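Asks: Hey, dropping model.tsv in here, TSV, C-alpha atoms and all ligand atoms:
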```tsv
chain	number	residue	atom	x	y	z
A	235	MET	CA	0.00	0.00	0.00
A	236	PRO	CA	1.86	3.10	-1.18
A	237	ILE	CA	-0.22	5.72	0.65
A	238	ILE	CA	0.93	6.86	4.08
A	239	SER	CA	-2.29	7.96	5.72
A	240	GLY	CA	-1.85	10.84	8.14
A	241	LYS	CA	-5.54	10.45	8.93
A	242	GLU	CA	-5.04	6.92	10.21
A	243	ILE	CA	-1.72	7.46	11.94
A	244	SER	CA	-2.90	10.64	13.66
A	245	ALA	CA	-6.05	8.81	14.84
A	246	GLN	CA	-3.84	6.11	16.34
A	247	ILE	CA	-1.74	8.76	18.16
A	248	ARG	CA	-4.86	10.53	19.42
A	249	GLU	CA	-6.17	7.23	20.82
A	250	GLU	CA	-2.89	6.67	22.65
A	251	LEU	CA	-3.01	10.19	24.03
A	252	LYS	CA	-6.60	9.80	25.15
A	253	SER	CA	-5.64	6.92	27.43
A	254	GLU	CA	-2.58	8.83	28.63
A	255	VAL	CA	-4.81	11.81	29.54
A	256	GLU	CA	-7.23	9.51	31.39
A	257	ASP	CA	-4.32	8.07	33.31
A	258	LEU	CA	-2.98	11.53	34.20
A	259	LYS	CA	-6.43	12.64	35.33
A	260	SER	CA	-6.70	9.63	37.62
A	261	HIS	CA	-3.57	11.04	39.28
A	262	GLY	CA	-5.13	14.50	39.58
A	263	ILE	CA	-3.27	15.99	36.60
A	264	HIS	CA	-5.44	17.71	33.98
A	265	PRO	CA	-3.44	18.73	30.89
A	266	CYS	CA	-4.34	22.22	29.70
A	267	LEU	CA	-3.50	24.16	26.55
A	268	ALA	CA	-3.90	27.94	26.27
A	269	VAL	CA	-4.71	28.98	22.70
A	270	VAL	CA	-4.15	32.62	21.80
A	271	LEU	CA	-5.68	34.05	18.65
A	272	VAL	CA	-5.21	37.67	17.60
A	273	GLY	CA	-7.55	39.13	14.99
A	274	LYS	CA	-10.01	37.45	12.70
A	275	ASP	CA	-8.04	35.70	9.98
A	276	PRO	CA	-10.51	33.06	8.71
A	277	ALA	CA	-7.85	30.35	8.18
A	278	SER	CA	-6.42	30.95	11.66
A	279	GLU	CA	-9.92	30.80	13.15
A	280	ILE	CA	-10.41	27.38	11.55
A	281	TYR	CA	-7.03	26.11	12.78
A	282	VAL	CA	-7.74	27.32	16.31
A	283	ARG	CA	-11.23	25.78	16.30
A	284	ASN	CA	-9.77	22.43	15.18
A	285	LYS	CA	-7.10	22.52	17.85
A	286	LYS	CA	-9.64	23.28	20.59
A	287	ARG	CA	-11.96	20.58	19.28
A	288	THR	CA	-9.18	18.00	19.29
A	289	CYS	CA	-8.27	18.97	22.85
A	290	GLU	CA	-11.87	18.40	23.86
A	291	LYS	CA	-11.96	14.97	22.21
A	292	LEU	CA	-8.85	13.88	24.08
A	293	GLY	CA	-9.98	15.26	27.44
A	294	ILE	CA	-7.37	18.04	27.37
A	295	ARG	CA	-8.62	21.35	28.75
A	296	SER	CA	-8.24	24.24	26.33
A	297	ILE	CA	-8.57	27.89	27.24
A	298	GLY	CA	-9.09	30.26	24.34
A	299	TYR	CA	-7.94	33.89	24.34
A	300	ASP	CA	-9.38	35.80	21.39
A	301	LEU	CA	-7.75	39.20	21.16
A	302	ASN	CA	-8.71	42.14	18.94
A	303	GLU	CA	-6.73	42.91	15.84
A	304	ASP	CA	-5.53	46.18	17.42
A	305	THR	CA	-3.94	44.39	20.40
A	306	THR	CA	-0.51	45.86	21.14
A	307	GLN	CA	2.69	43.85	21.33
A	308	GLU	CA	2.90	44.75	25.01
A	309	LYS	CA	-0.62	43.50	25.77
A	310	LEU	CA	0.03	40.25	23.92
A	311	GLU	CA	3.34	39.65	25.68
A	312	ASP	CA	1.73	40.48	29.05
A	313	LEU	CA	-0.86	37.77	28.39
A	314	ILE	CA	1.88	35.27	27.51
A	315	GLN	CA	3.70	36.19	30.72
A	316	THR	CA	0.51	35.64	32.76
A	317	LEU	CA	0.05	32.22	31.11
A	318	ASN	CA	3.71	31.38	31.79
A	319	ARG	CA	3.04	31.94	35.50
A	320	ASP	CA	-0.30	30.09	35.60
A	321	SER	CA	0.43	26.65	37.00
A	322	GLN	CA	-2.86	25.31	35.56
A	323	VAL	CA	-1.63	25.99	32.02
A	324	ASN	CA	0.78	23.38	30.66
A	325	GLY	CA	1.14	24.56	27.08
A	326	ILE	CA	0.84	27.89	25.28
A	327	LEU	CA	0.07	28.23	21.62
A	328	CYS	CA	-0.13	31.56	19.83
A	329	GLN	CA	-1.66	31.14	16.40
A	330	PHE	CA	0.44	32.65	13.59
A	331	PRO	CA	0.47	34.69	11.42
A	332	LEU	CA	-0.11	37.65	13.70
A	333	PRO	CA	-1.89	40.64	12.17
A	334	GLY	CA	-0.38	44.06	11.51
A	335	ASP	CA	2.97	44.96	13.02
A	336	LEU	CA	2.89	42.39	15.81
A	337	ASN	CA	6.25	40.65	16.05
A	338	GLU	CA	6.05	36.84	16.09
A	339	GLU	CA	9.68	36.35	17.08
A	340	TYR	CA	9.25	38.41	20.26
A	341	VAL	CA	6.14	36.41	21.12
A	342	ILE	CA	8.00	33.12	20.65
A	343	LEU	CA	10.82	34.40	22.88
A	344	LYS	CA	8.32	35.31	25.58
A	345	ILE	CA	6.80	31.82	25.87
A	346	ALA	CA	8.41	29.81	28.66
A	347	PRO	CA	10.42	27.02	26.93
A	348	ASP	CA	8.73	24.47	29.23
A	349	LYS	CA	5.31	25.51	27.87
A	350	ASP	CA	6.44	25.95	24.27
A	351	VAL	CA	4.33	23.14	22.82
A	352	ASP	CA	4.86	24.49	19.30
A	353	GLY	CA	8.58	23.88	19.78
A	354	LEU	CA	9.51	27.21	18.21
A	355	HIS	CA	11.43	28.83	21.09
A	356	PRO	CA	15.19	29.08	20.35
A	357	MET	CA	15.82	26.95	23.46
A	358	ASN	CA	13.79	24.09	21.99
A	359	ALA	CA	15.15	24.64	18.47
A	360	GLY	CA	18.66	24.64	19.99
A	361	LEU	CA	18.06	21.43	21.93
A	362	LEU	CA	16.85	19.82	18.72
A	363	ALA	CA	19.92	21.06	16.84
A	364	MET	CA	22.08	19.55	19.60
A	365	GLY	CA	20.35	16.19	19.27
A	366	ARG	CA	18.60	16.47	22.65
A	367	PRO	CA	15.06	17.42	21.62
A	368	LYS	CA	12.48	18.31	24.27
A	369	PHE	CA	9.56	19.92	22.45
A	370	ILE	CA	9.87	19.22	18.73
A	371	SER	CA	7.88	21.56	16.53
A	372	CYS	CA	4.67	19.87	15.54
A	373	THR	CA	4.97	19.48	11.76
A	374	PRO	CA	8.52	18.01	11.74
A	375	PHE	CA	7.49	15.79	14.64
A	376	GLY	CA	4.48	14.68	12.60
A	377	VAL	CA	6.72	13.89	9.63
A	378	LEU	CA	8.91	11.74	11.87
A	379	GLN	CA	5.90	9.84	13.20
A	380	LEU	CA	4.60	9.24	9.68
A	381	LEU	CA	7.96	7.73	8.73
A	382	LYS	CA	8.33	5.67	11.89
A	383	ARG	CA	4.81	4.32	11.98
A	384	SER	CA	4.80	3.40	8.31
A	385	LYS	CA	8.06	1.50	8.90
A	386	CYS	CA	10.27	3.75	6.78
A	387	ASP	CA	13.73	3.29	8.21
A	388	THR	CA	15.76	6.50	8.02
A	389	ARG	CA	19.09	5.00	9.11
A	390	GLY	CA	21.74	5.52	6.46
A	391	LYS	CA	19.14	6.83	4.01
A	392	HIS	CA	19.64	9.95	1.94
A	393	VAL	CA	16.90	12.40	2.90
A	394	VAL	CA	16.49	15.47	0.71
A	395	VAL	CA	14.50	18.28	2.30
A	396	LEU	CA	13.08	21.02	0.10
A	397	GLY	CA	12.79	24.15	2.22
A	398	ARG	CA	14.78	25.59	5.12
A	399	SER	CA	12.16	27.46	7.15
A	400	ASN	CA	12.35	27.52	10.95
A	401	LEU	CA	8.89	25.97	11.02
A	402	VAL	CA	9.51	22.92	8.83
A	403	GLY	CA	12.65	22.52	6.70
A	404	ARG	CA	15.31	23.33	9.27
A	405	PRO	CA	13.88	21.36	12.22
A	406	VAL	CA	12.98	18.33	10.10
A	407	SER	CA	16.53	18.14	8.78
A	408	ALA	CA	18.00	18.53	12.29
A	409	LEU	CA	15.66	15.82	13.52
A	410	LEU	CA	16.33	13.19	10.89
A	411	SER	CA	20.11	13.62	10.98
A	412	GLN	CA	20.32	13.07	14.72
A	413	LYS	CA	21.79	9.95	16.28
A	414	GLY	CA	19.40	7.03	16.16
A	415	LEU	CA	17.54	8.33	13.11
A	416	ASP	CA	20.86	8.54	11.28
A	417	ALA	CA	19.75	9.93	7.93
A	418	THR	CA	22.18	11.78	5.70
A	419	VAL	CA	20.30	14.98	5.02
A	420	THR	CA	20.60	17.44	2.15
A	421	VAL	CA	18.72	20.71	2.62
A	422	CYS	CA	17.64	22.55	-0.53
A	423	HIS	CA	16.24	26.06	-0.86
A	424	SER	CA	15.38	28.66	-3.47
A	425	ARG	CA	19.06	29.24	-4.31
A	426	THR	CA	19.92	25.56	-4.75
A	427	GLN	CA	21.47	24.84	-8.15
A	428	ASN	CA	20.44	21.78	-10.16
A	429	LEU	CA	17.58	20.98	-7.83
A	430	LYS	CA	16.43	18.01	-9.90
A	431	GLU	CA	19.85	16.38	-9.56
A	432	MET	CA	19.44	16.67	-5.78
A	433	THR	CA	15.89	15.42	-5.53
A	434	LYS	CA	16.62	12.43	-7.77
A	435	GLN	CA	19.17	11.21	-5.23
A	436	ALA	CA	16.63	11.11	-2.41
A	437	ASP	CA	15.66	7.85	-0.78
A	438	ILE	CA	13.24	9.99	1.22
A	439	LEU	CA	12.08	13.29	-0.25
A	440	ILE	CA	10.41	15.85	1.99
A	441	ALA	CA	8.81	18.79	0.21
A	442	ALA	CA	8.08	21.93	2.26
A	443	ILE	CA	8.28	24.92	-0.06
A	444	GLY	CA	4.71	26.16	-0.45
A	445	LYS	CA	4.70	25.84	-4.26
A	446	PRO	CA	1.68	23.94	-5.63
A	447	GLU	CA	2.61	20.66	-7.35
A	448	PHE	CA	6.22	21.78	-7.85
A	449	VAL	CA	7.76	18.31	-7.53
A	450	THR	CA	7.11	16.42	-10.74
A	451	GLY	CA	7.61	12.76	-11.61
A	452	ASP	CA	10.95	13.33	-13.33
A	453	MET	CA	12.39	14.78	-10.09
A	454	VAL	CA	11.87	11.61	-8.09
A	455	LYS	CA	13.86	8.39	-7.94
A	456	GLU	CA	11.96	5.14	-8.51
A	457	GLY	CA	11.02	3.67	-5.12
A	458	ALA	CA	11.56	6.85	-3.09
A	459	VAL	CA	9.44	7.69	-0.04
A	460	VAL	CA	7.80	11.08	-0.58
A	461	ILE	CA	6.47	13.24	2.24
A	462	ASP	CA	4.50	16.25	1.06
A	463	VAL	CA	4.26	18.97	3.71
A	464	GLY	CA	2.93	21.60	1.33
A	465	THR	CA	-0.60	22.86	1.86
A	466	ASN	CA	-1.63	25.11	-1.00
A	467	ARG	CA	-4.95	26.48	-2.13
A	468	VAL	CA	-5.34	26.69	-5.86
A	469	ASP	CA	-8.31	28.19	-7.67
A	470	ASP	CA	-10.56	25.55	-9.15
A	471	ALA	CA	-13.85	26.57	-10.74
A	472	ASN	CA	-14.97	22.92	-10.79
A	473	HIS	CA	-14.67	22.61	-7.04
A	474	PRO	CA	-17.73	23.57	-4.92
A	475	LYS	CA	-15.54	25.82	-2.76
A	476	GLY	CA	-13.94	27.48	-5.77
A	477	TYR	CA	-10.54	26.17	-4.78
A	478	ARG	CA	-8.84	22.88	-4.01
A	479	LEU	CA	-6.07	21.95	-1.62
A	480	CYS	CA	-2.89	20.50	-3.02
A	481	GLY	CA	0.60	19.78	-1.88
A	482	ASP	CA	4.04	20.71	-3.18
A	483	VAL	CA	4.12	17.40	-5.05
A	484	LEU	CA	2.31	16.60	-8.28
A	485	PHE	CA	0.68	13.51	-6.80
A	486	ALA	CA	-0.58	11.96	-10.06
A	487	GLU	CA	2.94	11.87	-11.52
A	488	VAL	CA	4.92	11.06	-8.38
A	489	GLU	CA	2.69	8.42	-6.77
A	490	PRO	CA	3.37	5.73	-9.43
A	491	LYS	CA	7.14	6.10	-8.85
A	492	ALA	CA	7.10	6.34	-5.07
A	493	SER	CA	7.26	3.31	-2.79
A	494	LYS	CA	5.27	5.36	-0.27
A	495	ILE	CA	3.73	8.81	-0.41
A	496	THR	CA	1.59	11.11	1.72
A	497	PRO	CA	-1.53	12.65	0.14
A	498	VAL	CA	-2.74	16.24	0.54
A	499	PRO	CA	-5.09	16.57	2.28
A	500	GLY	CA	-4.92	13.69	4.75
A	501	GLY	CA	-1.14	13.38	5.04
A	502	VAL	CA	1.03	15.67	7.14
A	503	GLY	CA	-1.83	18.07	8.02
A	504	PRO	CA	-3.65	15.92	10.61
A	505	MET	CA	-0.32	14.94	12.15
A	506	THR	CA	0.52	18.52	13.08
A	507	ILE	CA	-2.46	18.82	15.44
A	508	ALA	CA	-1.86	15.33	16.86
A	509	MET	CA	1.72	16.25	17.75
A	510	LEU	CA	0.55	19.51	19.34
A	511	MET	CA	-1.64	17.36	21.59
A	512	TYR	CA	1.32	15.08	22.26
A	513	ASN	CA	3.52	18.02	23.25
A	514	THR	CA	0.79	19.34	25.56
A	515	VAL	CA	0.41	16.01	27.34
A	516	ASN	CA	4.19	15.73	27.50
A	517	ALA	CA	4.42	19.23	29.01
A	518	ALA	CA	1.84	18.28	31.65
A	519	ARG	CA	3.85	15.18	32.55
A	520	ILE	CA	7.16	17.02	32.77
A	521	GLN	CA	5.72	19.92	34.78
A	522	ASN	CA	4.28	17.45	37.26
A	523	GLY	CA	7.56	15.67	37.78
A	524	LEU	CA	6.72	12.63	35.68
A	525	GLY	CA	9.13	11.54	32.97
A	526	PRO	CA	8.53	12.58	29.36
A	527	LEU	CA	6.24	10.54	27.16
A	528	THR	CA	8.00	7.99	25.03
A	529	THR	CA	6.93	7.66	21.43
A	530	SER	CA	6.85	4.36	19.64
B	601	LIG	P1	8.22	29.16	4.04
B	601	LIG	O1	8.56	29.73	5.37
B	601	LIG	O2	7.67	30.04	2.98
B	601	LIG	O3	9.55	28.47	3.48
B	601	LIG	C1	9.61	27.95	2.20
B	601	LIG	C2	10.98	27.38	1.94
B	601	LIG	O4	10.98	26.81	0.64
B	601	LIG	C3	12.11	28.40	1.98
B	601	LIG	O5	13.23	27.87	2.65
B	601	LIG	C4	12.42	28.65	0.50
B	601	LIG	O6	13.77	28.93	0.24
B	601	LIG	C5	12.08	27.29	-0.07
B	601	LIG	N1	11.74	27.40	-1.49
B	601	LIG	C6	10.84	28.22	-2.05
B	601	LIG	N2	10.80	28.04	-3.39
B	601	LIG	C7	11.69	27.06	-3.66
B	601	LIG	C8	12.11	26.43	-4.85
B	601	LIG	N3	11.61	26.78	-6.03
B	601	LIG	N4	13.05	25.47	-4.76
B	601	LIG	C9	13.58	25.12	-3.57
B	601	LIG	N5	13.21	25.69	-2.39
B	601	LIG	C10	12.28	26.65	-2.45
B	601	LIG	O7	7.21	27.96	4.16
B	601	LIG	P2	6.95	26.92	5.39
B	601	LIG	O8	6.30	27.64	6.52
B	601	LIG	O9	8.15	26.10	5.64
B	601	LIG	O10	5.83	26.01	4.70
B	601	LIG	C11	6.08	25.25	3.54
B	601	LIG	C12	4.81	24.59	3.07
B	601	LIG	O11	4.37	23.70	4.09
B	601	LIG	C13	3.64	25.54	2.84
B	601	LIG	O12	2.84	25.04	1.80
B	601	LIG	C14	2.86	25.48	4.14
B	601	LIG	O13	1.49	25.79	3.96
B	601	LIG	C15	3.05	24.03	4.49
B	601	LIG	N6	2.89	23.74	5.92
B	601	LIG	C16	2.04	22.74	6.23
B	601	LIG	C17	1.87	22.38	7.55
B	601	LIG	C18	0.94	21.26	7.87
B	601	LIG	O14	0.56	21.11	9.00
B	601	LIG	N7	0.59	20.43	6.90
B	601	LIG	C19	2.54	23.06	8.56
B	601	LIG	C20	3.43	24.07	8.20
B	601	LIG	C21	3.60	24.40	6.86
B	601	LIG	P3	14.49	30.28	0.78
B	601	LIG	O15	14.80	30.01	2.21
B	601	LIG	O16	15.70	30.36	-0.08
B	601	LIG	O17	13.52	31.40	0.57
```
Hey, can you dump this file as structure tokens for me?
Replies:
Amino acid sequence: MPIISGKEISAQIREELKSEVEDLKSHGIHPCLAVVLVGKDPASEIYVRNKKRTCEKLGIRSIGYDLNEDTTQEKLEDLIQTLNRDSQVNGILCQFPLPGDLNEEYVILKIAPDKDVDGLHPMNAGLLAMGRPKFISCTPFGVLQLLKRSKCDTRGKHVVVLGRSNLVGRPVSALLSQKGLDATVTVCHSRTQNLKEMTKQADILIAAIGKPEFVTGDMVKEGAVVIDVGTNRVDDANHPKGYRLCGDVLFAEVEPKASKITPVPGGVGPMTIAMLMYNTVNAARIQNGLGPLTTS
């Protein structure tokens, strides 16, 4: 079966987390995620709603903070500071992008690294770079789980990552090259020369560039594993919504060549929320003096 289903794998992880949450509750620990949304960006509203809904399904408490678009940097950082100090709150998530002139980097810096369930704080990014990850950012963590749980061994494999963002490309390459996972990683970006020559060498190709259907069949080696992180909306008059979602990979051309491939939607997307839940439960465990969760 060549399709790696993020839907199925994320459901499996959510089930595992649900029992973990029940267990924690029986010991008087109630994991809690604070979700901060600034402004009224429709896509962000949907993401936040989904995150809160997933919390609810797993028995995780979520507290929403919906702030006006004209919220100042100071007000936002004050709220983060209050949440840092609140012992009932185990994880803090601020939904990006922030509107207007609000500075995301300053917000990330303000979040206590122990509550940084998005794994974006330089402390957590640094730990990951050093091969001692604590909170791994959710999308790269999701990619890792997709590979592990679909029995794709990374040891000694050549992984080519398209994209070097702090959100996806950089952390996923740090993650897969660490001891134990042992991939040899090549990171490509918009200035990479002879990109096709690079991608054709990949045993595992991870596309995270935000360019609809950029990776074509001729760019992929026969038998490669292909993970498509891209989530792009393209206009489509034939679709009831007027647009369709697609990845960075031209699925119809690449799927016949790949030994395994993630679809869009239903691949990496659902994993990102599942790993946010994982990080929240993990934060609750660590903050209550229990050891970190161990992933299979
Ligand atoms: P980003 O911050 O815009 O970074 C894009 C990266 O791709 C940059 O490093 C850029 O290179 C590189 N790039 C752009 N064009 C390229 C080209 N033609 N050839 C090679 N590299 C190229 O994007 P991101 O936040 O990492 O997100 C990437 C994609 O993943 C987007 O579609 C996003 O929606 C999706 N995403 C999905 C999830 C999920 O949960 N499924 C989560 C996060 C992101 P430079 O550094 O040289 O500019």
Asks: Mind running chain A against ligand LIG 601 (chain B) at 6 Å and telling me each contacting residue's nearest atom pair with the distance in Å (one decimal), counting only C-alpha atoms and all ligand atoms, chain and number ascending, as a Markdown table?
Replies:
```
| residue | atom | partner | partner_atom | distance |
| --- | --- | --- | --- | --- |
| A:Thr373 | CA | B:LIG601 | C19 | 5.4 |
| A:Leu396 | CA | B:LIG601 | N5 | 5.3 |
| A:Gly397 | CA | B:LIG601 | O4 | 3.6 |
| A:Arg398 | CA | B:LIG601 | O5 | 3.7 |
| A:Ser399 | CA | B:LIG601 | O9 | 4.5 |
| A:Leu401 | CA | B:LIG601 | O9 | 5.4 |
| A:Val402 | CA | B:LIG601 | O9 | 4.7 |
| A:Gly403 | CA | B:LIG601 | O9 | 5.8 |
| A:Cys422 | CA | B:LIG601 | C9 | 5.7 |
| A:His423 | CA | B:LIG601 | N5 | 3.4 |
| A:Ser424 | CA | B:LIG601 | O16 | 3.8 |
| A:Arg425 | CA | B:LIG601 | O16 | 5.5 |
| A:Ala442 | CA | B:LIG601 | C11 | 4.1 |
| A:Ile443 | CA | B:LIG601 | O4 | 3.4 |
| A:Gly444 | CA | B:LIG601 | O12 | 3.1 |
| A:Val463 | CA | B:LIG601 | O11 | 4.7 |
| A:Gly464 | CA | B:LIG601 | O12 | 3.5 |
| A:Thr465 | CA | B:LIG601 | O12 | 4.1 |
| A:Asn466 | CA | B:LIG601 | O12 | 5.3 |
| A:Val502 | CA | B:LIG601 | N7 | 4.8 |
| A:Gly503 | CA | B:LIG601 | N7 | 3.6 |
| A:Thr506 | CA | B:LIG601 | O14 | 4.8 |
```
Asks: Could you make a table, as JSON lines, of the residues of segment 487-522 of chain A that have an atom within 8 Å of an atom of segment 236-258 of chain A, each with its nearest atom pair and distance in Å to one decimal, counting all atoms listed in the file, in chain and number order?
Replies:
```
{"residue": "A:Glu489", "atom": "CA", "partner": "A:Pro236", "partner_atom": "CA", "distance": 7.8}
{"residue": "A:Ala492", "atom": "CA", "partner": "A:Pro236", "partner_atom": "CA", "distance": 7.3}
{"residue": "A:Ser493", "atom": "CA", "partner": "A:Pro236", "partner_atom": "CA", "distance": 5.6}
{"residue": "A:Lys494", "atom": "CA", "partner": "A:Pro236", "partner_atom": "CA", "distance": 4.2}
{"residue": "A:Ile495", "atom": "CA", "partner": "A:Ile237", "partner_atom": "CA", "distance": 5.1}
{"residue": "A:Thr496", "atom": "CA", "partner": "A:Ile238", "partner_atom": "CA", "distance": 4.9}
{"residue": "A:Pro497", "atom": "CA", "partner": "A:Ile237", "partner_atom": "CA", "distance": 7.1}
{"residue": "A:Gly500", "atom": "CA", "partner": "A:Lys241", "partner_atom": "CA", "distance": 5.3}
{"residue": "A:Gly501", "atom": "CA", "partner": "A:Gly240", "partner_atom": "CA", "distance": 4.1}
{"residue": "A:Val502", "atom": "CA", "partner": "A:Gly240", "partner_atom": "CA", "distance": 5.7}
{"residue": "A:Gly503", "atom": "CA", "partner": "A:Gly240", "partner_atom": "CA", "distance": 7.2}
{"residue": "A:Pro504", "atom": "CA", "partner": "A:Gly240", "partner_atom": "CA", "distance": 5.9}
{"residue": "A:Met505", "atom": "CA", "partner": "A:Ser244", "partner_atom": "CA", "distance": 5.2}
{"residue": "A:Ala508", "atom": "CA", "partner": "A:Ser244", "partner_atom": "CA", "distance": 5.8}
{"residue": "A:Met511", "atom": "CA", "partner": "A:Leu251", "partner_atom": "CA", "distance": 7.7}
{"residue": "A:Tyr512", "atom": "CA", "partner": "A:Leu251", "partner_atom": "CA", "distance": 6.8}
{"residue": "A:Val515", "atom": "CA", "partner": "A:Val255", "partner_atom": "CA", "distance": 7.1}
{"residue": "A:Arg519", "atom": "CA", "partner": "A:Leu258", "partner_atom": "CA", "distance": 7.9}
```
Asks: With distances taken over only C-alpha atoms, which residue among A:Lys349, A:Val269, A:Lys291, A:Asp275 lies nearest Gln521 of chain A?
Replies: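 For Gln521 of chain A, the nearest of the given residues is A:Lys349.
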Asks: Name the closest residue to Ala346 of chain A among the candidates A:Gln379, A:Ser321, A:Pro331, A:Pro367; distances are taken between atoms, counting all atoms listed in the file.
Replies: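 Closest residue, counting all atoms listed in the file: A:Ser321.
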Asks: Counting all atoms listed in the file, which of A:Gly376, A:Gly334, A:Gly476, A:Pro405 gets nearest to Leu354 of chain A?
Replies: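 Residue with the minimum atom-to-atom distance to Leu354 of chain A: A:Pro405.
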Asks: Work out where the centre of an axis-aligned box around every listed atom of segment 341-356 of chain A lies and how long its edges are once 8 Å is added on each side; give both in Å to one decimal as JSON.
Replies:
```
{"center_x": 9.8, "center_y": 29.8, "center_z": 23.7, "size_x": 26.9, "size_y": 29.3, "size_z": 27.0}
```
Asks: Please report the interatomic distance between atom CA of Gly262 of chain A and atom CA of Ile520 of chain A in Å with one decimal.
Replies: 14.3 Å
Asks: Select all residues near (16.6, 10.8, -2.8) (cut-off 9 Å, inclusive, file coordinates), counting all atoms listed in the file, and output them as a list of chain:residue names.
Replies: A:Lys391, A:His392, A:Val393, A:Val394, A:Met432, A:Thr433, A:Lys434, A:Gln435, A:Ala436, A:Asp437, A:Ile438, A:Leu439, A:Val454, A:Lys455, A:Ala458, A:Val459
Asks: Mind checking which residues fall within 9 Å of Asp387 of chain A, counting all atoms listed in the file, ignoring those fewer than 6 positions away in the same chain, and posting them as an mmCIF file with C-alpha atoms, in the coordinates of the input?
Replies:
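Output (out21.cif):
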```cif
data_model
loop_
_atom_site.group_PDB
_atom_site.id
_atom_site.type_symbol
_atom_site.label_atom_id
_atom_site.label_comp_id
_atom_site.auth_asym_id
_atom_site.auth_seq_id
_atom_site.Cartn_x
_atom_site.Cartn_y
_atom_site.Cartn_z
ATOM 1 C CA LEU A 381 7.960 7.730 8.730
ATOM 2 C CA LEU A 415 17.540 8.330 13.110
ATOM 3 C CA ALA A 417 19.750 9.930 7.930
#
```
Asks: Give me, as a list in words, all polymer residues having an atom no more than 8 Å from Val270 of chain A, counting only C-alpha atoms and skipping those fewer than 2 positions away in the same chain.
Replies: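 Surrounding residues, per the criterion: Ala268, Val272, Gly298, Tyr299, Asp300, Leu301, Ile326, Leu327, Cys328 and Gln329 of chain A.
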Asks: Please provide the set of residues having any atom within 12 Å of Asp304 of chain A, restricted to only C-alpha atoms, with same-chain residues fewer than 3 positions apart removed, written as a list in words.
Replies: Val272, Gly273, Lys274, Asp300, Leu301, Gln307, Glu308, Lys309, Leu310, Leu332, Pro333, Gly334, Asp335 and Leu336 of chain A
Asks: Please, what distance in Å, to one decimal, runs between atom CA of Pro265 of chain A and atom CA of Gln315 of chain A?
Replies: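 Spanning atom CA of Pro265 of chain A to atom CA of Gln315 of chain A is a straight-line distance of 18.9 Å.
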Asks: Give me the residues near Cys289 of chain A as a PyMOL selection string, where near means some atom within 9 Å (using only C-alpha atoms) and where sequence neighbours in that chain fewer than 4 positions away do not count.
Replies: chain A and resi 266-267+284-285+293-296+511
Asks: N, CA, C and O atoms are what I want for segment 278-287 of chain A; can you complete it accordingly and write them as a PDB file, in the coordinates of the input?
Replies:
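Dumped to result.pdb:
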```
ATOM      1  N   SER A 278      -6.895  31.130  10.276  1.00  0.00           N
ATOM      2  CA  SER A 278      -6.420  30.950  11.660  1.00  0.00           C
ATOM      3  C   SER A 278      -7.576  30.548  12.575  1.00  0.00           C
ATOM      4  O   SER A 278      -7.410  29.718  13.470  1.00  0.00           O
ATOM      5  N   GLU A 279      -8.748  31.149  12.332  1.00  0.00           N
ATOM      6  CA  GLU A 279      -9.920  30.800  13.150  1.00  0.00           C
ATOM      7  C   GLU A 279     -10.253  29.313  13.008  1.00  0.00           C
ATOM      8  O   GLU A 279     -10.568  28.637  13.986  1.00  0.00           O
ATOM      9  N   ILE A 280     -10.133  28.808  11.774  1.00  0.00           N
ATOM     10  CA  ILE A 280     -10.410  27.380  11.550  1.00  0.00           C
ATOM     11  C   ILE A 280      -9.373  26.523  12.262  1.00  0.00           C
ATOM     12  O   ILE A 280      -9.709  25.562  12.961  1.00  0.00           O
ATOM     13  N   TYR A 281      -8.092  26.886  12.121  1.00  0.00           N
ATOM     14  CA  TYR A 281      -7.030  26.110  12.780  1.00  0.00           C
ATOM     15  C   TYR A 281      -7.246  26.065  14.289  1.00  0.00           C
ATOM     16  O   TYR A 281      -7.149  25.018  14.916  1.00  0.00           O
ATOM     17  N   VAL A 282      -7.560  27.234  14.861  1.00  0.00           N
ATOM     18  CA  VAL A 282      -7.740  27.320  16.310  1.00  0.00           C
ATOM     19  C   VAL A 282      -8.943  26.480  16.751  1.00  0.00           C
ATOM     20  O   VAL A 282      -8.882  25.750  17.748  1.00  0.00           O
ATOM     21  N   ARG A 283     -10.025  26.558  15.973  1.00  0.00           N
ATOM     22  CA  ARG A 283     -11.230  25.780  16.300  1.00  0.00           C
ATOM     23  C   ARG A 283     -10.897  24.283  16.290  1.00  0.00           C
ATOM     24  O   ARG A 283     -11.255  23.537  17.188  1.00  0.00           O
ATOM     25  N   ASN A 284     -10.151  23.859  15.269  1.00  0.00           N
ATOM     26  CA  ASN A 284      -9.770  22.430  15.180  1.00  0.00           C
ATOM     27  C   ASN A 284      -8.898  22.003  16.350  1.00  0.00           C
ATOM     28  O   ASN A 284      -9.044  20.903  16.871  1.00  0.00           O
ATOM     29  N   LYS A 285      -7.994  22.858  16.737  1.00  0.00           N
ATOM     30  CA  LYS A 285      -7.100  22.520  17.850  1.00  0.00           C
ATOM     31  C   LYS A 285      -7.899  22.379  19.147  1.00  0.00           C
ATOM     32  O   LYS A 285      -7.710  21.422  19.899  1.00  0.00           O
ATOM     33  N   LYS A 286      -8.819  23.335  19.361  1.00  0.00           N
ATOM     34  CA  LYS A 286      -9.640  23.280  20.590  1.00  0.00           C
ATOM     35  C   LYS A 286     -10.522  22.035  20.580  1.00  0.00           C
ATOM     36  O   LYS A 286     -10.690  21.359  21.587  1.00  0.00           O
ATOM     37  N   ARG A 287     -11.073  21.742  19.409  1.00  0.00           N
ATOM     38  CA  ARG A 287     -11.960  20.580  19.280  1.00  0.00           C
ATOM     39  C   ARG A 287     -11.201  19.287  19.572  1.00  0.00           C
ATOM     40  O   ARG A 287     -11.700  18.385  20.234  1.00  0.00           O
TER      41      ARG A 287
END
```
